[in-house]
Amino acid sequence: MPSNPDFIPLHLCVLTVSDSRTLADDRSGDYLVDALTQDGHVLHERALCPDDRYRMRAIVSVWIADAQVDGILITGGTGFTGRDSTPEAITPLLDKTMPGFGELFRAVSVEEIGTSSLQSRAFAGLANHSFVFCLPGSTSACRTAWEKIVRAQLDARTQPCNLATLRPRLGE
């Protein structure tokens, strides 16, 4: 790997899972779109769907099958209420899980929200050639995930390693 790699803009999709939000008042989705574009990535597509596992799978499956999509950020549906079903919807689509993401997210979150962080079922993994990050629905949780974990891992300049530079090798 070069000692000073260049930034590689990735094509990312954002999905908001919510029974109550619309694109007009989706602050968490807005935050993720703004953050990824300000950091130099490309918004490939954005969608919003209710907390329905089959509709989530339909949207995410299309993105996973698209060779241009490098990553997917999903916000919402990771809690414990009866309607929260993002983990149950998305986990079957993953080829590989990334347990360290959920562990690290909860460890970072405990600094901000204390033991309430144990209620987060945030997780990540790899599906086909796309990294999939499933985040809580709160804007502050999305900010925490992006600023303290995801941003660095989607930046090829992050050393000693990052997810961005793995992209060409995912099909091996």
# chains A, B, ... in the order shown; residues from 1 in each chain; ligands from 1
>>> select_by_dssp(residues="stretch 14-161 of chain A", states="helix (DSSP H, G or I)", output="NGL selection string")
:A and (23-25 or 27-38 or 53-65 or 86-93 or 99-119 or 139-153)
>>> residues_around(residues="stretch 156-165 of chain A", least_positions_apart="6", cutoff="7 Å", atoms="only C-alpha atoms", output="list in words")
Asn4, Pro5, Asp6, Phe7 and Ile8 of chain A
>>> write_last_selection(atoms="N, CA and C atoms", output="compact mmCIF listing (two decimals), in the first residue's frame")
# COMPACT_ATOMS: atom_id res chain seq x y z
N ASN A 4 1.26 7.31 1.13
CA ASN A 4 0.32 8.43 1.12
C ASN A 4 -0.77 8.17 0.09
N PRO A 5 -1.70 7.27 0.39
CA PRO A 5 -2.74 6.97 -0.59
C PRO A 5 -3.64 8.17 -0.83
N ASP A 6 -4.25 8.18 -2.00
CA ASP A 6 -5.19 9.24 -2.34
C ASP A 6 -6.58 8.90 -1.80
N PHE A 7 -7.38 9.94 -1.60
CA PHE A 7 -8.77 9.75 -1.22
C PHE A 7 -9.50 9.10 -2.39
N ILE A 8 -10.35 8.13 -2.10
CA ILE A 8 -11.15 7.45 -3.11
C ILE A 8 -12.61 7.74 -2.81
>>> residues_around(residues="stretch 109-114 of chain A", least_positions_apart="4", cutoff="12 Å", atoms="only C-alpha atoms", output="ChimeraX atom specification")
/A:101-105,118-122,135-136,140-145,147-149
>>> write_last_selection(atoms="C-alpha atoms", output="CSV table (one decimal), in the first residue's frame")
chain,number,residue,atom,x,y,z
A,101,PHE,CA,-18.5,-2.3,14.2
A,102,GLY,CA,-21.4,-2.9,16.7
A,103,GLU,CA,-18.9,-3.5,19.5
A,104,LEU,CA,-17.1,-0.3,18.7
A,105,PHE,CA,-20.2,1.7,18.2
A,118,LEU,CA,-26.8,-1.5,25.4
A,119,GLN,CA,-30.1,-0.9,23.7
A,120,SER,CA,-28.5,-0.4,20.3
A,121,ARG,CA,-28.5,-3.2,17.9
A,122,ALA,CA,-26.3,-1.3,15.4
A,135,LEU,CA,-27.3,2.7,12.5
A,136,PRO,CA,-29.9,3.8,15.1
A,140,SER,CA,-26.9,12.1,17.3
A,141,ALA,CA,-26.3,8.3,16.9
A,142,CYS,CA,-25.7,8.8,13.2
A,143,ARG,CA,-23.3,11.6,13.9
A,144,THR,CA,-21.4,9.5,16.4
A,145,ALA,CA,-21.2,6.5,14.0
A,147,GLU,CA,-17.6,11.0,12.9
A,148,LYS,CA,-16.0,8.4,15.1
A,149,ILE,CA,-16.1,5.2,13.0
>>> residues_around(residues="A:Arg55", least_positions_apart="4", cutoff="12 Å", atoms="only C-alpha atoms", output="ChimeraX atom specification")
/A:15-18,47-51,59-62,85-86,89-90
>>> closest_residue(among="A:Ser28, A:Val14, A:Leu43, A:Ala65", to="A:Phe133", atoms="only C-alpha atoms")
A:Val14
>>> residues_around(residues="A:Glu88", least_positions_apart="3", cutoff="12 Å", atoms="only C-alpha atoms", output="list in words")
Asp51, Asp52, Arg53, Tyr54, Met56, Arg57, Gly77, Thr78, Gly79, Phe80, Gly82, Arg83, Asp84, Ser85, Thr91, Pro92, Leu93, Leu94, Arg121, Ala122, Phe123 and Cys134 of chain A
>>> write_last_selection(atoms="C-alpha atoms", output="compact mmCIF listing (two decimals), in the first residue's frame")
# COMPACT_ATOMS: atom_id res chain seq x y z
CA ASP A 51 -40.12 -0.50 9.29
CA ASP A 52 -41.13 -3.48 7.17
CA ARG A 53 -38.46 -6.12 6.74
CA TYR A 54 -39.56 -7.17 3.25
CA MET A 56 -36.20 -2.98 3.43
CA ARG A 57 -34.83 -6.13 1.84
CA GLY A 77 -35.09 0.20 13.11
CA THR A 78 -32.22 -1.01 15.32
CA GLY A 79 -33.97 -0.67 18.68
CA PHE A 80 -36.06 -3.11 20.70
CA GLY A 82 -41.99 -4.39 18.21
CA ARG A 83 -41.58 -2.56 14.89
CA ASP A 84 -37.76 -2.36 15.00
CA SER A 85 -36.68 -4.99 12.49
CA THR A 91 -28.66 -9.78 8.41
CA PRO A 92 -29.86 -12.52 5.99
CA LEU A 93 -28.55 -10.41 3.08
CA LEU A 94 -25.00 -10.22 4.46
CA ARG A 121 -28.46 -3.21 17.86
CA ALA A 122 -26.27 -1.29 15.40
CA PHE A 123 -24.28 -3.63 13.17
CA CYS A 134 -27.05 -0.23 10.12
>>> closest_residue(among="A:Thr139, A:Ile74, A:Ala67, A:Ala107", to="A:Arg46", atoms="only C-alpha atoms")
A:Ile74
>>> select_by_dssp(residues="chain A", states="strand (DSSP E)", output="PyMOL selection string")
chain A and resi 11-17+42-49+71-75+96-97+123-127+130-135
>>> closest_residue(among="A:Leu126, A:Leu23, A:Leu12, A:Ile72", to="A:Val42", atoms="only C-alpha atoms")
A:Leu12
>>> closest_residue(among="A:Thr22, A:Gln68, A:Gln153, A:Thr115", to="A:His44", atoms="only C-alpha atoms")
A:Gln68
